[in-house]
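Pasted below: target-v3.txt, compact mmCIF, C-alpha atoms and all ligand atoms.
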# COMPACT_ATOMS: atom_id res chain seq x y z
CA MET A 1 144.76 86.26 169.53
CA ASN A 2 143.52 87.15 172.99
CA TYR A 3 144.36 85.42 176.25
CA ALA A 4 141.39 83.96 178.12
CA HIS A 5 141.78 84.95 181.77
CA ILE A 6 139.83 83.54 184.68
CA THR A 7 138.53 86.75 186.23
CA GLY A 8 135.71 85.37 188.35
CA TRP A 9 134.93 82.18 190.22
CA GLY A 10 132.11 80.95 192.40
CA SER A 11 130.63 77.78 193.77
CA TYR A 12 127.45 76.65 195.43
CA LEU A 13 126.80 73.54 197.49
CA PRO A 14 123.36 72.57 198.82
CA GLU A 15 122.94 72.90 202.58
CA GLN A 16 122.06 69.32 203.47
CA ILE A 17 125.03 67.20 204.51
CA LEU A 18 124.91 63.42 204.12
CA THR A 19 127.65 61.74 206.14
CA ASN A 20 129.07 58.27 205.64
CA GLU A 21 127.40 57.29 208.91
CA ASP A 22 124.05 58.43 207.51
CA ILE A 23 124.53 56.10 204.50
CA ALA A 24 125.72 53.26 206.73
CA ARG A 25 122.35 53.41 208.50
CA THR A 26 120.57 52.44 205.24
CA ILE A 27 122.94 50.05 203.41
CA ASP A 28 125.72 47.58 204.23
CA THR A 29 128.74 49.91 204.46
CA THR A 30 130.81 51.75 207.07
CA ASP A 31 132.40 55.15 207.49
CA ALA A 32 135.78 53.43 207.81
CA TRP A 33 135.39 51.55 204.51
CA ILE A 34 134.32 54.64 202.56
CA ARG A 35 137.08 56.83 204.03
CA GLN A 36 139.79 54.26 203.52
CA ARG A 37 138.83 53.34 199.93
CA THR A 38 137.86 56.83 198.70
CA GLY A 39 138.85 59.60 201.14
CA ILE A 40 135.23 60.78 201.21
CA GLY A 41 133.69 61.71 204.58
CA GLN A 42 130.49 63.47 203.55
CA ARG A 43 128.70 64.99 200.58
CA ARG A 44 126.02 67.63 199.98
CA ILE A 45 122.58 66.54 198.80
CA ALA A 46 120.13 68.86 197.04
CA ALA A 47 116.71 69.42 198.57
CA SER A 48 113.68 68.10 196.70
CA ARG A 49 112.80 71.61 195.52
CA ASP A 50 116.32 72.22 194.11
CA THR A 51 117.17 72.09 190.41
CA THR A 52 120.44 71.82 188.51
CA THR A 53 119.61 75.22 187.02
CA GLY A 54 119.26 76.68 190.52
CA LEU A 55 122.65 75.35 191.65
CA ALA A 56 124.27 76.59 188.43
CA LEU A 57 122.68 80.00 188.82
CA GLN A 58 123.99 80.47 192.36
CA ALA A 59 127.54 79.59 191.27
CA ALA A 60 127.24 81.86 188.22
CA LEU A 61 126.05 84.86 190.25
CA ARG A 62 129.03 84.49 192.59
CA ALA A 63 131.49 84.18 189.69
CA LEU A 64 130.05 87.25 187.94
CA ALA A 65 130.27 89.23 191.18
CA VAL A 66 133.97 88.36 191.61
CA ALA A 67 134.65 89.33 187.98
CA GLY A 68 132.60 92.51 188.31
CA LEU A 69 130.95 91.54 185.01
CA PRO A 70 127.31 92.56 184.57
CA ALA A 71 125.12 89.67 183.38
CA ALA A 72 123.93 91.88 180.53
CA ASP A 73 127.48 91.82 179.12
CA VAL A 74 127.93 88.02 179.15
CA GLU A 75 128.37 86.71 175.59
CA LEU A 76 128.55 82.93 176.03
CA ILE A 77 127.25 80.51 178.68
CA ILE A 78 128.26 76.84 178.69
CA VAL A 79 126.96 74.49 181.36
CA ALA A 80 128.70 71.13 181.68
CA THR A 81 126.28 68.67 183.22
CA SER A 82 125.14 65.05 183.08
CA THR A 83 122.07 65.83 185.16
CA PRO A 84 120.19 68.58 183.31
CA ASP A 85 116.67 69.42 184.43
CA TYR A 86 115.51 68.96 180.83
CA MET A 87 117.08 67.63 177.62
CA PHE A 88 115.83 70.94 176.27
CA PRO A 89 115.67 73.74 177.16
CA SER A 90 119.31 73.41 178.13
CA THR A 91 120.42 74.26 181.65
CA ALA A 92 122.54 77.01 180.10
CA CYS A 93 119.49 78.62 178.45
CA GLN A 94 117.64 78.57 181.75
CA VAL A 95 120.61 80.17 183.52
CA GLN A 96 120.78 82.73 180.70
CA GLY A 97 117.11 83.54 181.20
CA HIS A 98 117.38 83.90 184.99
CA LEU A 99 120.44 86.14 184.59
CA ASN A 100 118.71 88.12 181.83
CA ALA A 101 121.97 87.77 179.92
CA THR A 102 120.36 88.99 176.72
CA ARG A 103 123.57 89.08 174.65
CA ALA A 104 124.65 85.51 175.45
CA GLY A 105 124.54 82.30 173.42
CA ALA A 106 123.98 79.32 175.71
CA PHE A 107 124.31 75.55 175.50
CA ASP A 108 124.93 72.46 177.63
CA LEU A 109 127.93 70.21 177.16
CA SER A 110 127.99 66.49 177.92
CA ALA A 111 131.36 65.02 178.87
CA ALA A 112 130.52 63.58 182.30
CA CYS A 113 133.13 64.35 184.98
CA SER A 114 135.47 65.89 182.35
CA GLY A 115 132.71 68.31 181.34
CA PHE A 116 134.04 71.42 183.07
CA VAL A 117 137.48 71.19 181.46
CA TYR A 118 135.84 70.42 178.09
CA ALA A 119 133.67 73.54 178.49
CA LEU A 120 136.65 75.62 179.61
CA HIS A 121 138.55 74.50 176.50
CA MET A 122 135.67 75.43 174.16
CA ALA A 123 135.08 78.78 175.84
CA THR A 124 138.81 79.55 175.76
CA GLN A 125 138.87 78.97 171.99
CA ALA A 126 135.92 81.34 171.56
CA VAL A 127 137.54 84.05 173.71
CA ALA A 128 141.02 83.62 172.23
CA THR A 129 139.78 84.00 168.65
CA GLY A 130 137.76 87.08 169.57
CA SER A 131 134.49 85.35 168.69
CA VAL A 132 133.31 86.46 172.13
CA SER A 133 134.97 88.78 174.63
CA ASN A 134 133.85 86.76 177.66
CA ALA A 135 132.23 83.51 178.69
CA LEU A 136 130.58 82.01 181.73
CA VAL A 137 131.66 78.38 182.18
CA ILE A 138 129.67 76.33 184.69
CA GLY A 139 129.76 72.74 185.96
CA ALA A 140 126.55 71.78 187.77
CA GLU A 141 125.25 68.42 188.94
CA MET A 142 122.48 66.75 190.93
CA MET A 143 124.14 63.34 191.18
CA SER A 144 121.86 62.34 194.08
CA ARG A 145 118.97 62.06 191.60
CA VAL A 146 120.74 59.51 189.34
CA LEU A 147 122.12 57.13 191.98
CA ASP A 148 120.86 53.71 192.88
CA TRP A 149 120.89 54.23 196.66
CA GLN A 150 121.02 50.45 197.15
CA ASP A 151 124.23 50.11 195.08
CA ARG A 152 126.93 50.57 197.72
CA GLU A 153 129.73 50.76 195.15
CA THR A 154 128.36 53.93 193.52
CA CYS A 155 126.03 55.68 195.97
CA VAL A 156 128.78 56.43 198.47
CA LEU A 157 130.89 58.27 195.89
CA PHE A 158 128.83 61.17 194.60
CA GLY A 159 127.44 64.51 195.75
CA ASP A 160 125.62 67.58 194.40
CA GLY A 161 126.95 71.07 193.66
CA ALA A 162 127.95 73.67 191.11
CA GLY A 163 130.98 75.78 190.28
CA ALA A 164 131.57 78.49 187.71
CA VAL A 165 134.29 80.66 186.26
CA VAL A 166 134.18 83.80 184.15
CA LEU A 167 136.63 83.98 181.27
CA GLN A 168 137.52 87.37 179.83
CA GLY A 169 139.70 88.20 176.87
CA SER A 170 142.78 90.37 177.25
CA SER A 171 145.96 91.01 175.26
CA ARG A 172 147.88 90.56 178.50
CA PRO A 173 149.57 87.12 178.58
CA GLY A 174 148.16 84.58 181.05
CA GLY A 175 144.94 82.75 181.72
CA VAL A 176 144.17 79.41 180.09
CA LEU A 177 147.45 78.94 178.22
CA THR A 178 146.80 75.56 176.66
CA SER A 179 144.37 72.66 176.96
CA LYS A 180 143.48 69.34 175.36
CA LEU A 181 140.41 67.12 175.04
CA ARG A 182 140.63 63.31 174.88
CA SER A 183 138.18 60.40 174.67
CA ASP A 184 137.93 56.60 174.43
CA GLY A 185 134.44 55.53 173.45
CA LEU A 186 135.51 51.88 173.23
CA GLN A 187 135.45 51.78 177.03
CA SER A 188 132.13 53.61 177.33
CA ASP A 189 130.55 50.61 179.05
CA ILE A 190 132.53 50.88 182.30
CA LEU A 191 130.79 54.05 183.47
CA CYS A 192 127.27 54.81 182.25
CA LEU A 193 124.12 56.74 182.93
CA SER A 194 121.36 55.86 180.48
CA ALA A 195 118.94 58.48 179.18
CA ALA A 196 115.20 58.27 179.75
CA ASN A 197 114.53 56.96 176.24
CA SER A 198 117.49 54.58 175.84
CA ASN A 199 118.11 50.87 176.01
CA PRO A 200 121.13 50.08 178.20
CA ILE A 201 124.33 49.47 176.21
CA PRO A 202 124.02 45.78 175.09
CA ALA A 203 127.54 44.77 176.15
CA LEU A 204 126.76 45.61 179.76
CA SER A 205 126.76 42.71 182.17
CA SER A 206 128.22 42.22 185.60
CA GLU A 207 129.51 38.75 184.64
CA ASN A 208 132.04 39.92 182.06
CA GLY A 209 133.47 42.73 184.12
CA HIS A 210 131.39 45.53 182.66
CA ALA A 211 129.17 47.82 184.65
CA ARG A 212 125.72 46.73 185.83
CA PRO A 213 122.90 47.84 183.51
CA VAL A 214 120.40 49.84 185.53
CA GLN A 215 118.12 52.24 183.74
CA ASN A 216 118.48 55.92 184.68
CA THR A 217 121.01 55.37 187.45
CA ILE A 218 124.80 55.32 187.31
CA SER A 219 126.40 51.96 186.65
CA MET A 220 130.13 51.49 187.01
CA ASN A 221 132.92 48.97 187.07
CA GLY A 222 134.87 50.57 189.89
CA ARG A 223 138.16 48.76 189.48
CA ARG A 224 138.40 49.44 185.75
CA VAL A 225 137.45 53.09 186.23
CA PHE A 226 140.09 53.36 188.95
CA ARG A 227 142.81 52.00 186.63
CA PHE A 228 141.69 54.28 183.76
CA ALA A 229 141.60 57.35 186.00
CA THR A 230 145.05 56.79 187.46
CA ARG A 231 146.59 56.21 184.02
CA VAL A 232 145.07 59.26 182.32
CA LEU A 233 145.73 61.54 185.28
CA VAL A 234 149.45 60.80 185.04
CA GLU A 235 149.50 61.01 181.24
CA SER A 236 147.53 64.26 181.24
CA VAL A 237 149.98 66.00 183.57
CA GLN A 238 152.95 64.75 181.54
CA ASP A 239 151.36 65.78 178.24
CA ILE A 240 150.41 69.30 179.28
CA LEU A 241 153.88 69.92 180.71
CA ALA A 242 155.35 68.81 177.35
CA MET A 243 152.87 70.99 175.44
CA ALA A 244 153.85 74.05 177.51
CA ASN A 245 157.55 73.20 177.75
CA LEU A 246 157.36 73.27 181.56
CA THR A 247 158.34 70.84 184.32
CA LEU A 248 156.54 69.84 187.51
CA ASP A 249 158.73 72.34 189.36
CA ASP A 250 156.88 75.12 187.51
CA ILE A 251 153.48 73.93 188.75
CA SER A 252 152.11 75.39 191.98
CA LEU A 253 148.99 73.26 192.20
CA ILE A 254 147.13 70.55 190.29
CA VAL A 255 143.35 70.79 190.66
CA PRO A 256 142.10 67.37 189.58
CA HIS A 257 138.62 65.93 189.30
CA GLN A 258 137.67 64.97 192.86
CA ALA A 259 136.81 61.28 192.51
CA ASN A 260 138.90 59.29 194.97
CA PHE A 261 141.88 60.24 197.12
CA ARG A 262 143.62 56.93 196.29
CA ILE A 263 143.54 57.81 192.56
CA LEU A 264 145.32 61.09 193.36
CA GLU A 265 147.80 59.40 195.70
CA SER A 266 148.65 56.79 193.09
CA ALA A 267 149.09 59.44 190.35
CA ALA A 268 151.30 61.55 192.64
CA LYS A 269 153.47 58.53 193.37
CA GLN A 270 153.87 57.73 189.68
CA LEU A 271 154.74 61.36 188.92
CA GLY A 272 157.21 61.45 191.81
CA VAL A 273 155.54 64.39 193.55
CA SER A 274 153.98 64.91 196.96
CA PRO A 275 150.20 64.24 197.09
CA GLU A 276 150.06 67.81 198.45
CA LEU A 277 150.58 69.07 194.89
CA PHE A 278 147.08 67.74 194.15
CA TYR A 279 144.41 69.91 195.72
CA THR A 280 141.64 67.88 197.38
CA ASN A 281 138.34 68.78 198.96
CA LEU A 282 136.54 65.53 198.22
CA GLU A 283 136.41 64.61 201.90
CA ASP A 284 133.65 67.22 202.26
CA THR A 285 131.98 67.09 198.84
CA GLY A 286 132.34 63.60 197.36
CA ASN A 287 132.48 63.40 193.59
CA THR A 288 130.33 66.20 192.14
CA SER A 289 131.13 65.18 188.56
CA ALA A 290 131.36 68.22 186.24
CA ALA A 291 131.12 70.58 189.23
CA SER A 292 134.07 69.11 191.07
CA ILE A 293 136.93 71.06 189.48
CA PRO A 294 135.39 74.55 189.70
CA VAL A 295 134.16 73.82 193.25
CA ALA A 296 137.68 72.68 194.22
CA LEU A 297 139.24 75.68 192.46
CA CYS A 298 137.08 78.08 194.48
CA LYS A 299 137.98 76.31 197.71
CA ALA A 300 141.68 76.40 196.80
CA VAL A 301 141.45 80.18 196.26
CA GLU A 302 139.59 80.53 199.58
CA ASP A 303 142.27 78.42 201.32
CA GLY A 304 145.03 80.70 199.99
CA ARG A 305 146.53 77.92 197.85
CA ILE A 306 146.47 79.99 194.62
CA HIS A 307 148.38 83.21 194.01
CA SER A 308 148.85 85.61 191.12
CA GLY A 309 151.44 84.26 188.68
CA ASP A 310 150.91 80.61 189.70
CA HIS A 311 150.77 77.92 187.05
CA LEU A 312 147.94 75.45 187.71
CA ILE A 313 146.95 72.26 185.94
CA LEU A 314 143.27 71.28 185.82
CA VAL A 315 142.57 67.63 184.93
CA GLY A 316 139.16 66.05 184.44
CA PHE A 317 138.36 62.39 183.71
CA GLY A 318 135.21 60.33 183.62
CA GLY A 319 132.41 58.74 181.62
CA GLY A 320 132.66 58.54 177.86
CA LEU A 321 135.35 57.72 178.58
CA THR A 322 136.63 61.28 178.49
CA TRP A 323 139.53 63.18 179.94
CA ALA A 324 140.74 66.74 179.46
CA TYR A 325 143.41 69.01 180.86
CA ALA A 326 144.29 72.68 180.95
CA LEU A 327 147.25 74.78 182.02
CA VAL A 328 146.26 78.06 183.68
CA GLU A 329 148.43 81.02 184.61
CA TRP A 330 146.45 82.65 187.40
CA GLN A 331 146.29 86.47 187.22
CA LYS A 332 144.24 87.59 190.15
CA ASP A 333 144.25 91.29 189.34
CA VAL A 334 143.33 90.96 185.68
CA ALA A 335 139.71 91.91 186.36
CA SER A 336 140.87 95.48 186.86
CA ILE A 337 141.85 95.73 183.19
CA TYR A 338 138.46 94.54 181.98
CA ILE A 339 136.73 96.97 179.61
CA PRO A 340 132.93 96.52 179.75
CA ALA A 341 131.21 95.64 176.51
CA THR A 342 129.06 98.74 176.87
CA TYR A 343 132.25 100.78 176.51
CA HIS A 344 133.01 99.04 173.18
CA ALA A 345 129.46 99.70 172.06
CA ALA A 346 129.79 103.37 172.87
CA ALA A 347 133.12 103.61 171.05
CA PHE A 348 131.62 101.90 168.03
CA ALA A 349 128.69 104.31 168.04
CA ARG A 350 131.07 107.30 168.10
CA ALA A 351 133.02 105.89 165.10
N1 LIG B 401 131.08 49.51 201.59
C1 LIG B 401 131.60 48.33 201.97
N2 LIG B 401 132.07 47.42 201.11
C2 LIG B 401 132.02 47.74 199.80
C3 LIG B 401 131.48 48.95 199.33
C4 LIG B 401 131.00 49.85 200.30
N3 LIG B 401 130.47 51.05 199.95
N4 LIG B 401 131.58 48.98 197.99
C5 LIG B 401 132.14 47.82 197.60
N5 LIG B 401 132.39 47.07 198.70
C6 LIG B 401 132.99 45.73 198.79
C7 LIG B 401 132.84 44.93 197.52
O1 LIG B 401 131.57 44.33 197.45
C8 LIG B 401 133.96 43.93 197.67
O2 LIG B 401 133.53 42.91 198.51
P1 LIG B 401 133.95 41.38 198.22
O3 LIG B 401 135.45 41.38 198.31
O4 LIG B 401 133.27 40.66 199.31
O5 LIG B 401 133.45 41.08 196.84
C9 LIG B 401 135.03 44.71 198.42
O6 LIG B 401 134.38 45.86 198.99
C10 LIG B 401 136.16 45.18 197.54
O7 LIG B 401 135.60 45.76 196.39
P2 LIG B 401 136.50 46.47 195.31
O8 LIG B 401 135.62 46.84 194.16
O9 LIG B 401 137.73 45.66 195.04
O10 LIG B 401 136.95 47.75 196.11
P3 LIG B 401 137.92 48.87 195.63
O11 LIG B 401 139.05 48.97 196.54
O12 LIG B 401 138.17 48.78 194.15
O13 LIG B 401 137.02 50.17 195.86
C11 LIG B 401 135.76 51.76 194.62
C12 LIG B 401 135.80 50.33 195.14
C13 LIG B 401 134.45 51.96 193.87
C14 LIG B 401 135.81 52.73 195.78
C15 LIG B 401 136.98 51.99 193.68
O14 LIG B 401 137.05 50.96 192.74
C16 LIG B 401 136.90 53.29 192.97
O15 LIG B 401 136.90 54.35 193.57
N6 LIG B 401 136.89 53.26 191.63
C17 LIG B 401 136.80 54.47 190.86
C18 LIG B 401 135.37 54.97 190.89
C19 LIG B 401 135.24 56.40 190.45
O16 LIG B 401 135.99 57.24 190.83
N7 LIG B 401 134.23 56.65 189.61
C20 LIG B 401 133.94 57.94 189.11
C21 LIG B 401 134.98 58.33 188.13
S1 LIG B 401 134.62 59.86 187.42

Please lay out the structure from this file as structure tokens.
Amino acid sequence: MNYAHITGWGSYLPEQILTNEDIARTIDTTDAWIRQRTGIGQRRIAASRDTTTGLALQAALRALAVAGLPAADVELIIVATSTPDYMFPSTACQVQGHLNATRAGAFDLSAACSGFVYALHMATQAVATGSVSNALVIGAEMMSRVLDWQDRETCVLFGDGAGAVVLQGSSRPGGVLTSKLRSDGLQSDILCLSAANSNPIPALSSENGHARPVQNTISMNGRRVFRFATRVLVESVQDILAMANLTLDDISLIVPHQANFRILESAAKQLGVSPELFYTNLEDTGNTSAASIPVALCKAVEDGRIHSGDHLILVGFGGGLTWAYALVEWQKDVASIYIPATYHAAAFARA
């Protein structure tokens, strides 16, 4: 079995900033309310010409550059997204085409805000078994296109962006050490985004505490999602520590899905740790769904919060309902031991 190391990382956020004050000029809300209830101050909004593929591609190019991995050597591309440009071709296939990654298989993965950790888990399995020697794992979202901008409970929460990591196999211990995927479809009605051809889930109605049924825009029961998120965040951290036989003292940083600062504060309190252990950048980005964890991871590296040898926990949670978690041993210098696929090909040819 190989270890799947994170050897490259990159993120891309659209230029346009939408502040809370900007939103407060169009609907009945205030900067103070949004900051106090969520911790969000602003978010990035894609331009009308932007595509999810374009955001994903920018993040991917940056991640490949950090890894020093030529696109021609990429063997697997997974894009986690709830806002693909098309149902098919997948976003991943379009990224593959733009990269000219001719050796890569490519597909999209749908697990809402847990999507990046789901994709990381799947790619890790492929790398660890030797099925592929590397993978490009991307979370990319254009949430601004699926919001009801009159619904003040949801439109203030989300933003656009993309983040990516490169996984590469190595016999050297480290990388994504363990991970788990979870789901609870019985609560699917509290956070939904209907597809173009669907009828809204019949159980949906604002009267009985479910989310509001609005076609093609996000509907959510905020209080129930809040309670779910806090519970699974705590349970995820406890479970992965048990799986790895570690304690919270061994963890340098938790990089959670960036949904709401109060969710993180509440989880930290229940775990008995400082909120500082949870990395946050949601004040500047809002909730970018599947992009939020890789975007936060890149920012944490940039901020000097992650060092070689650190143990990190990544936790995603969201629609489905889904949640997923991974334990990562960060090995910054592992890229230097990467052997390009072309080298393997040459060796094979000689044999
Ligand atoms: N601005 C001002 N007031 C708002 C508002 C806004 N943007 N959104 C809701 N309100 C109002 C409500 O209408 C309600 O008013 P009322 O008391 O007159 O009925 C009041 O604020 C309290 O609403 P409530 O829903 O209890 O607020 P809350 O403290 O639960 O915060 C959320 C609402 C959405 C911020 C919070 O529930 C949340 O973050 N939930 C999780 C959502 C999430 O993270 N989703 C994605 C998960 S991946």

From the set A:Arg223, A:Lys180, A:Arg305, A:Arg172, which residue has the shortest atom-to-atom contact distance to A:Val237, counting all atoms listed in the file?
->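 Of A:Arg223, A:Lys180, A:Arg305, A:Arg172, the one nearest A:Val237, counting all atoms listed in the file, is A:Lys180.
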
When the cut-off is 8 Å and you count only C-alpha atoms and all ligand atoms, which residues lie near ligand LIG 401 (chain B), shown as a PyMOL selection string?
-> chain A and resi 28-30+33-34+37-38+112-114+151-157+191+220-227+229+257+259-260+262-263+287+289+317-319

Work out how far atom CA of A:Thr81 is from atom CA of A:Asn197, in Å to one decimal.
->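 Going from atom CA of A:Asn197 over to atom CA of A:Thr81 covers 18.0 Å.
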
Write out as a count of residues only the residues lying within 8 Å of A:Ile240, counting all atoms listed in the file and excluding same-chain residues fewer than 6 positions away.
-> 6

May I have the residues within 12 Å of A:Thr280 as a CSV table (one decimal) with C-alpha atoms, keeping the file's coordinate frame, using all atoms listed in the file and disregarding those fewer than 6 positions away in the same chain?
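Produced file around-v5.csv, reproduced below:
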chain,number,residue,atom,x,y,z
A,38,THR,CA,137.9,56.8,198.7
A,39,GLY,CA,138.8,59.6,201.1
A,40,ILE,CA,135.2,60.8,201.2
A,253,LEU,CA,149.0,73.3,192.2
A,254,ILE,CA,147.1,70.6,190.3
A,255,VAL,CA,143.4,70.8,190.7
A,256,PRO,CA,142.1,67.4,189.6
A,257,HIS,CA,138.6,65.9,189.3
A,258,GLN,CA,137.7,65.0,192.9
A,259,ALA,CA,136.8,61.3,192.5
A,260,ASN,CA,138.9,59.3,195.0
A,261,PHE,CA,141.9,60.2,197.1
A,262,ARG,CA,143.6,56.9,196.3
A,263,ILE,CA,143.5,57.8,192.6
A,264,LEU,CA,145.3,61.1,193.4
A,265,GLU,CA,147.8,59.4,195.7
A,286,GLY,CA,132.3,63.6,197.4
A,287,ASN,CA,132.5,63.4,193.6
A,292,SER,CA,134.1,69.1,191.1
A,293,ILE,CA,136.9,71.1,189.5
A,294,PRO,CA,135.4,74.6,189.7
A,295,VAL,CA,134.2,73.8,193.2
A,296,ALA,CA,137.7,72.7,194.2
A,297,LEU,CA,139.2,75.7,192.5
A,298,CYS,CA,137.1,78.1,194.5
A,299,LYS,CA,138.0,76.3,197.7
A,300,ALA,CA,141.7,76.4,196.8
A,303,ASP,CA,142.3,78.4,201.3
A,305,ARG,CA,146.5,77.9,197.8

Suppose you want the space between atom CA of A:Ala244 and atom CA of A:Ala80; what is it in Å?
->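 Value for the atom CA of A:Ala244-atom CA of A:Ala80 distance: 25.7 Å.
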
Residue nearest A:Ala324 among A:Val117, A:Val176, A:Ala32, A:Ala63 (counting all atoms listed in the file) |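 Smallest distance to A:Ala324 is found for A:Val117.
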
As a check of understanding: the span from atom CA of A:Asp189 to atom CA of A:Thr230 is 17.9 Å

Counting all atoms listed in the file, figure out which residue out of A:Gly272, A:Gly316, A:Asn100, A:Glu15 gets nearest to A:His121.
->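 Checking each candidate against A:His121, we get A:Gly316 as the closest.
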
Hey, can you pull every residue with an atom no more than 12 Å from (140.1, 83.1, 169.2), using all atoms listed in the file, and send it as a PyMOL selection string?
-> chain A and resi 1-4+121-134+168-171

Distance query A:Ile6 at most 8 Å, only C-alpha atoms, self and fewer than 6 positions along chain excluded, as a PyMOL selection string | chain A and resi 165-168+175-176+330-331

Those residues with C-alpha atoms, as an mmCIF file, in the frame of the given file please?
data_model
loop_
_atom_site.group_PDB
_atom_site.id
_atom_site.type_symbol
_atom_site.label_atom_id
_atom_site.label_comp_id
_atom_site.auth_asym_id
_atom_site.auth_seq_id
_atom_site.Cartn_x
_atom_site.Cartn_y
_atom_site.Cartn_z
ATOM 1 C CA VAL A 165 134.290 80.660 186.260
ATOM 2 C CA VAL A 166 134.180 83.800 184.150
ATOM 3 C CA LEU A 167 136.630 83.980 181.270
ATOM 4 C CA GLN A 168 137.520 87.370 179.830
ATOM 5 C CA GLY A 175 144.940 82.750 181.720
ATOM 6 C CA VAL A 176 144.170 79.410 180.090
ATOM 7 C CA TRP A 330 146.450 82.650 187.400
ATOM 8 C CA GLN A 331 146.290 86.470 187.220
#

Find the residues around A:Arg49 up to 12 Å (only C-alpha atoms counted), leave out those fewer than 6 positions away in its own chain, and share them as a list in words.
->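 Residues meeting the cut-off are Pro14, Leu55, Asp85 and Met142 of chain A.
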
C-alpha atoms of the current selection, written as a PDB file, in the coordinates of the input:
ATOM      1  CA  PRO A  14     123.360  72.570 198.820  1.00  0.00           C
ATOM      2  CA  LEU A  55     122.650  75.350 191.650  1.00  0.00           C
ATOM      3  CA  ASP A  85     116.670  69.420 184.430  1.00  0.00           C
ATOM      4  CA  MET A 142     122.480  66.750 190.930  1.00  0.00           C
TER       5      MET A 142
END

Pick from A:Gln187, A:Ala46, A:Ala119, A:Arg182 nearest to A:Glu141, counting only C-alpha atoms |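 The shortest atom-to-atom distance to A:Glu141 comes from A:Ala46.
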
Restricting the calculation to only C-alpha atoms, which member of A:Gly41, A:Gly159, A:Gly68, A:Pro173 is positioned closest to A:Gln16?
->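 Nearest to A:Gln16: A:Gly159.
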
Which neighbours of A:Ala140 fall inside 6 Å, counting only C-alpha atoms, when residues of the same chain fewer than 6 positions from it are skipped, and could you give them as a count of residues only?
-> 5

Nearest residue to A:Leu186 from the set A:Leu321, A:Arg231, A:Ala67, A:Arg145 (distances using only C-alpha atoms) | A:Leu321

Could you add the missing atoms to stretch 78-90 of chain A, up to N, CA and C atoms, and return them as a short mmCIF file (atom, residue, chain, number, x, y, z; two decimals), in the frame of the given file?
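Saved file result.cif follows:
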data_model
loop_
_atom_site.label_atom_id
_atom_site.label_comp_id
_atom_site.auth_asym_id
_atom_site.auth_seq_id
_atom_site.Cartn_x
_atom_site.Cartn_y
_atom_site.Cartn_z
N ILE A 78 128.22 78.30 178.90
CA ILE A 78 128.26 76.84 178.69
C ILE A 78 128.08 76.18 180.05
N VAL A 79 127.13 75.27 180.13
CA VAL A 79 126.96 74.49 181.36
C VAL A 79 127.33 73.03 181.06
N ALA A 80 128.34 72.54 181.75
CA ALA A 80 128.70 71.13 181.68
C ALA A 80 127.88 70.40 182.72
N THR A 81 127.10 69.42 182.27
CA THR A 81 126.28 68.67 183.22
C THR A 81 125.87 67.33 182.62
N SER A 82 125.73 66.33 183.48
CA SER A 82 125.14 65.05 183.08
C SER A 82 123.76 64.90 183.69
N THR A 83 123.34 65.90 184.45
CA THR A 83 122.07 65.83 185.16
C THR A 83 121.25 67.10 184.90
N PRO A 84 120.99 67.39 183.61
CA PRO A 84 120.19 68.58 183.31
C PRO A 84 118.76 68.40 183.80
N ASP A 85 118.08 69.51 184.03
CA ASP A 85 116.67 69.42 184.43
C ASP A 85 115.82 68.95 183.25
N TYR A 86 116.20 69.36 182.05
CA TYR A 86 115.51 68.96 180.83
C TYR A 86 116.56 68.63 179.77
N MET A 87 116.20 67.79 178.79
CA MET A 87 117.08 67.63 177.62
C MET A 87 117.08 68.96 176.86
N PHE A 88 115.92 69.54 176.68
CA PHE A 88 115.83 70.94 176.27
C PHE A 88 114.59 71.51 176.92
N PRO A 89 114.59 72.76 177.30
CA PRO A 89 115.67 73.74 177.16
C PRO A 89 116.91 73.33 177.95
N SER A 90 118.07 73.73 177.44
CA SER A 90 119.31 73.41 178.13
C SER A 90 119.37 74.13 179.48
#
